[in-house]
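J.: The structure that follows is given in the form of structure tokens.
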Amino acid sequence: MPKKLNRLLITGASGALGSHCRKHLKGIAHIIRVTDKLKLRASETNQSEEIMSCDLSNYEAVLEVTKGCDGILHFGGQATEADWNTVRDSNIEGLYNLYETARINGCKRIFFASSIHAIGFHPLTKTIDDEAAIRPDTLYGASKAFGEALARMYFEKFGIETACVRIASCQPTPQNYRMLATWFSYNDLVELVKSVFQVPILGCPIIYGVSNNDRKWANNDAVKFLGWSPSDNANDYREKIAQEMEEPASTSDDFNFIGGPFVSFDIMKNTE
Ligand SMILES: NC(=O)c1ccc[n+]([C@@H]2O[C@H](COP(=O)([O-])OP(=O)(O)OC[C@H]3O[C@@H](n4cnc5c(N)ncnc54)[C@H](O)[C@@H]3O)[C@@H](O)[C@H]2O)c1
């Protein structure tokens with residue numbers, strides 16, 4: 001893998017994480033190409049940026065958008081629980097289209113924004129690592145588990161390397177008590193993205209996208225080779241959160257499952 005990518009594709013570039021990374025990864029590639037199903041505005045600061053609208057469920061469009069890219073930062077897709085058709089189109093069809101066209105177009109490295117909801121039913125009784133069994137808490141979580149499996153298959157068969165990043169709660173600041181454990185700062189995200197695209201050999205690791213929180217329950221020892229060490233700590237916001245809200249009961253899902261409230265979502269609600 002070259003130190004600097006030739007062309008990095010950022011999917012979901014209109015979204016929260018995509019638009020942040022778009023602004024903070026300028027040096028990572030000679031050209032950044034941004035895409036989303038929503039209309040994207042031209043960057044005011046990055047004249048060399050390429051903009052291409054595309055719905056991930058449209059194979060021909062994805063084939064075009066991945067052409068000439070040697071890295072993909074994949075944020076595009078349905079980012080929370082929804083009806084099955086929406087999850088399927090964006091996160092199942094969309095993922096297949098992304099990997100298959102990456103293969104055809106010779107792209108060798110992908111950052112896949114997976115989610116802790118792929119393992120949401122694990123009880124919060126011990127620290128978990130990259131060997132935790134898949135235990136999705138929603139259709140959304142199951143779609144992320146599918147994405148991780150697909151990434152692994154394209155690695156074993158075709159050598160496409162993927163960082164499967166189980167993002168917890170990536171927000172500008174932690175918003176509640178649960179996020180004292182799950183917060184992933186924007187700064188730590190950007191540093192992780194840089195490490196993923198700069199490390200000479202990546203493989204296909206599972207990585208927990210969380211900051212260095214006092215209450216964190218995820219163990220990232222398996223990816224020490226990345227040289228990435230998150231520096232932010234949600235505990236710095238503990239007093240602010242305490243002033244703003246009551247701490248939920250210790251019996252609440254927030255404190256008993258990795259997926260928090262997602263474990264109790266009624267997955268049929270969206271399809272009735
Ligand atoms: N923000 C978090 O805390 C968090 C936690 C876990 C996982 N993730 C994952 O990270 C990624 C980015 O999250 P976000 O918070 O920026 O979400 P977001 O909803 O703000 O952004 C997602 C973007 O994807 C686009 N998109 C949706 N379906 C598409 C399709 N079919 N074709 C093309 N574009 C499509 C949307 O228009 C949107 O701009 C998502 O995949 C999400 O599942 C985020």
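Residue names in the structure tokens use chain letters A, B, ... in the order shown, residue numbers from 1 in each chain, and ligand numbers from 1 in the order shown.
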May I have the residues within 7 Å of ligand 1, computed using only C-alpha atoms and all ligand atoms, as a PyMOL selection string?
T.: chain A and resi 11-18+36-38+54-57+75-80+89-90+94+113-116+166-171
J.: For A:Phe262, list every protein, DNA or RNA residue within 10 Å, evaluated using only C-alpha atoms, and leave out those in the same chain fewer than 6 positions away; present the list as a PyMOL selection string.
T.: chain A and resi 80-81+117+120-121+136-138+140-141+253-254
J.: Selected residues, C-alpha atoms, written as a short mmCIF file (atom, residue, chain, number, x, y, z; two decimals), in the first residue's frame, please.
T.:
data_model
loop_
_atom_site.label_atom_id
_atom_site.label_comp_id
_atom_site.auth_asym_id
_atom_site.auth_seq_id
_atom_site.Cartn_x
_atom_site.Cartn_y
_atom_site.Cartn_z
CA THR A 80 -29.93 3.08 12.16
CA GLU A 81 -32.87 0.67 12.37
CA HIS A 117 -25.19 -3.35 16.84
CA GLY A 120 -25.53 -5.70 20.46
CA PHE A 121 -26.95 -8.63 22.45
CA PRO A 136 -27.08 -8.54 16.15
CA ASP A 137 -29.78 -6.59 17.96
CA THR A 138 -31.74 -5.29 14.94
CA TYR A 140 -29.63 -2.84 10.95
CA GLY A 141 -27.18 -4.75 13.18
CA ASP A 253 -30.78 -1.74 28.72
CA ASP A 254 -28.29 1.13 28.51
#
J.: Which residues, written as a count of residues only, have at least one atom at most 7 Å from stretch 233-238 of chain A, with only C-alpha atoms counted and residues fewer than 6 positions away on the same chain left out?
T.: 7
J.: Of the residues A:Asp232, A:Asp266, A:Asp221, A:Asp188, which is the one nearest to A:Leu139, using only C-alpha atoms?
T.: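 Comparing A:Asp232, A:Asp266, A:Asp221, A:Asp188 against A:Leu139, the winner is A:Asp266.
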J.: I need the helix (DSSP H, G or I) residues of stretch 111-264 of chain A per DSSP on the backbone, written as a PyMOL selection string.
T.: chain A and resi 116-118+139-158+179-182+186-198+221-226+234-244+253-256+260-264
J.: For A:Tyr99, find every residue with an atom within 10 Å (counting only C-alpha atoms), except residues of its own chain fewer than 2 positions away, and show them as a PyMOL selection string.
T.: chain A and resi 62-63+66+72+94-97+101-105+107-108+110+147+150-151+153-154+160
